[in-house]
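Chemist: I have a structure I would like to understand better, so I am pasting it below and will then ask my questions one at a time.
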Amino acid sequence: MTHHTLPLFPTDRVVRALIAPIAIAMGAAAFAPAALAQDYTAPAQLSPPEGGAQKARDAAARSARDAEKAARKAADAAEAAAQRSKVAAGKVSKALAEGIRRAAQKAADAARRLEEKTAASSGKALEETRDAARAAQEESAKAVTASREALARAEESVQRAAQSGKEEAEKAAQATREALDKAEEATRNAARAAADLSRRTAEAMKRAARPADAGKK
């Protein structure tokens, strides 16, 4: 009978045969954590962290208050321009017309700043105040349009007072008064819309804070 025995010093083939299973096992062990890491998916964050939500509410409130302040200034400027044109009714002079033009310019600038503030407020509005923010932005855009028209009429009135006869100058002054009245009304509407946005934002802030306050009691 012939007996087969392993050689005292293993050949390369034997060494490879012995090492292969060990290498496979080690590779599988190393691959397992990576595979598990790939398969693991962090649970979706359904809502922003409370700190982030509070910052968003604070930003919305500040922006709404800024818009309300700008609206009050714009309304005051529009009223001042309209009143100045009424005081000058029946009088024609280049100096008076220039004074009205400067007042109309201030009103137009204030309306433009209001539009910028309401646009910023609309971009930061809370979910529950988006409609009010949109309304404020729309009304401010109307105020800008009306104030620009009034400024154009005031500039024309200055030219008429300097170059035309009294009748033409009076017509231009009357057109300016009417345009300034419309601008004042449009700016008042914008101011009311901005105030409404500020009020609703403050109410939303109170509602958001209520559960936290209740939990402390």
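Identifiers for the structure tokens are assigned positionally: chains receive A, B, ... in sequence, residues are indexed from 1 per chain, and ligands are indexed from 1 in the order shown.
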Any chance you could tabulate, as a Markdown table, the residues of segment 54-96 of chain A at most 10 Å from segment 137-150 of chain A with each one's nearest atom pair and distance in Å to one decimal, using only C-alpha atoms, in chain and rising number order?
Modeler:
| residue | atom | partner | partner_atom | distance |
| --- | --- | --- | --- | --- |
| A:Ala67 | CA | A:Gln137 | CA | 9.6 |
| A:Ala71 | CA | A:Ser140 | CA | 8.3 |
| A:Ala74 | CA | A:Ala143 | CA | 9.0 |
| A:Ala75 | CA | A:Ala143 | CA | 9.4 |
| A:Ala78 | CA | A:Ser147 | CA | 7.8 |
| A:Ala81 | CA | A:Ala150 | CA | 9.5 |
| A:Ala82 | CA | A:Ala150 | CA | 9.5 |
Chemist: What's the 9 Å shell around Gln83 of chain A, counting only C-alpha atoms, without same-chain residues fewer than 3 positions away, as a list in words?
Modeler: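 The neighbour list is Ala78, Glu79, Ala80, Lys86, Val87, Ala88, Arg177, Leu180 and Asp181 of chain A.
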Chemist: When you count only C-alpha atoms, which of these residues is closest to Lys171 of chain A: A:Ala107, A:Ala61, A:Ala89, A:Ala120?
Modeler: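 Going through A:Ala107, A:Ala61, A:Ala89, A:Ala120 one by one, the smallest distance to Lys171 of chain A is for A:Ala89.
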Chemist: Excluding Leu197 of chain A and any residue of its chain fewer than 4 positions from it, enumerate the residues within 10 Å of it, using only C-alpha atoms, and give them as an MDAnalysis selection string.
Modeler: chainID A and resid 61 63:65 67:68 118 121:122 125 129:136 191:193 201:203
Chemist: Print the selection's residues with N, CA and C atoms to a file, as a tab-separated table (two decimals), in the first residue's frame.
Modeler:
chain	number	residue	atom	x	y	z
A	61	ALA	N	-40.79	88.57	11.92
A	61	ALA	CA	-41.36	89.64	12.74
A	61	ALA	C	-40.61	90.95	12.53
A	63	SER	N	-38.84	91.85	9.92
A	63	SER	CA	-39.08	92.32	8.57
A	63	SER	C	-40.47	92.95	8.44
A	64	ALA	N	-41.45	92.36	9.09
A	64	ALA	CA	-42.81	92.91	9.05
A	64	ALA	C	-42.86	94.27	9.74
A	65	ARG	N	-42.15	94.39	10.87
A	65	ARG	CA	-42.12	95.70	11.58
A	65	ARG	C	-41.42	96.75	10.74
A	67	ALA	N	-41.34	96.89	7.50
A	67	ALA	CA	-42.27	97.27	6.43
A	67	ALA	C	-43.34	98.22	6.96
A	68	GLU	N	-43.81	97.96	8.17
A	68	GLU	CA	-44.84	98.82	8.75
A	68	GLU	C	-44.29	100.23	9.00
A	118	THR	N	-41.47	95.71	1.83
A	118	THR	CA	-42.53	94.71	1.75
A	118	THR	C	-42.08	93.50	0.93
A	121	SER	N	-40.05	91.51	3.31
A	121	SER	CA	-40.94	90.88	4.29
A	121	SER	C	-41.67	89.69	3.68
A	122	SER	N	-42.06	89.83	2.43
A	122	SER	CA	-42.74	88.73	1.75
A	122	SER	C	-41.82	87.52	1.64
A	125	ALA	N	-41.77	85.84	5.10
A	125	ALA	CA	-43.06	85.65	5.76
A	125	ALA	C	-43.24	84.21	6.24
A	129	THR	N	-48.77	83.69	7.28
A	129	THR	CA	-48.93	85.12	6.95
A	129	THR	C	-48.57	85.41	5.49
A	130	ARG	N	-48.43	84.39	4.69
A	130	ARG	CA	-48.02	84.59	3.29
A	130	ARG	C	-49.05	85.42	2.51
A	131	ASP	N	-50.33	85.19	2.77
A	131	ASP	CA	-51.37	85.95	2.06
A	131	ASP	C	-51.29	87.43	2.41
A	132	ALA	N	-51.11	87.71	3.70
A	132	ALA	CA	-51.01	89.11	4.14
A	132	ALA	C	-49.75	89.76	3.56
A	133	ALA	N	-48.66	89.01	3.48
A	133	ALA	CA	-47.41	89.54	2.92
A	133	ALA	C	-47.58	89.84	1.44
A	134	ARG	N	-48.27	88.96	0.75
A	134	ARG	CA	-48.51	89.17	-0.69
A	134	ARG	C	-49.38	90.41	-0.91
A	135	ALA	N	-50.38	90.58	-0.07
A	135	ALA	CA	-51.27	91.74	-0.19
A	135	ALA	C	-50.50	93.03	0.07
A	136	ALA	N	-49.62	93.03	1.07
A	136	ALA	CA	-48.83	94.22	1.37
A	136	ALA	C	-47.90	94.56	0.21
A	191	ALA	N	-50.11	101.21	3.58
A	191	ALA	CA	-49.78	101.29	5.00
A	191	ALA	C	-50.70	100.38	5.82
A	192	ARG	N	-51.97	100.35	5.45
A	192	ARG	CA	-52.91	99.47	6.16
A	192	ARG	C	-52.54	98.00	5.95
A	193	ALA	N	-52.16	97.67	4.72
A	193	ALA	CA	-51.78	96.28	4.43
A	193	ALA	C	-50.51	95.89	5.19
A	201	THR	N	-48.31	88.73	11.93
A	201	THR	CA	-47.04	88.08	12.25
A	201	THR	C	-46.86	88.01	13.76
A	202	ALA	N	-47.20	89.09	14.46
A	202	ALA	CA	-47.09	89.10	15.93
A	202	ALA	C	-48.02	88.05	16.54
A	203	GLU	N	-49.21	87.91	15.99
A	203	GLU	CA	-50.15	86.91	16.49
A	203	GLU	C	-49.62	85.50	16.26
Chemist: Go through A:Ala70, A:Ala195, A:Ala183, A:Ala173 and flag the residue nearest Arg160 of chain A, using only C-alpha atoms for the distances.
Modeler: A:Ala173
Chemist: Using only C-alpha atoms for the distances, tell me which of A:Ala111, A:Ala209, A:Ala175, A:Ala103 is nearest to Glu156 of chain A.
Modeler: A:Ala175
Chemist: One decimal, in Å: what's the spacing between atom CA of Arg102 of chain A and atom CA of Ala154 of chain A?
Modeler: 8.6 Å
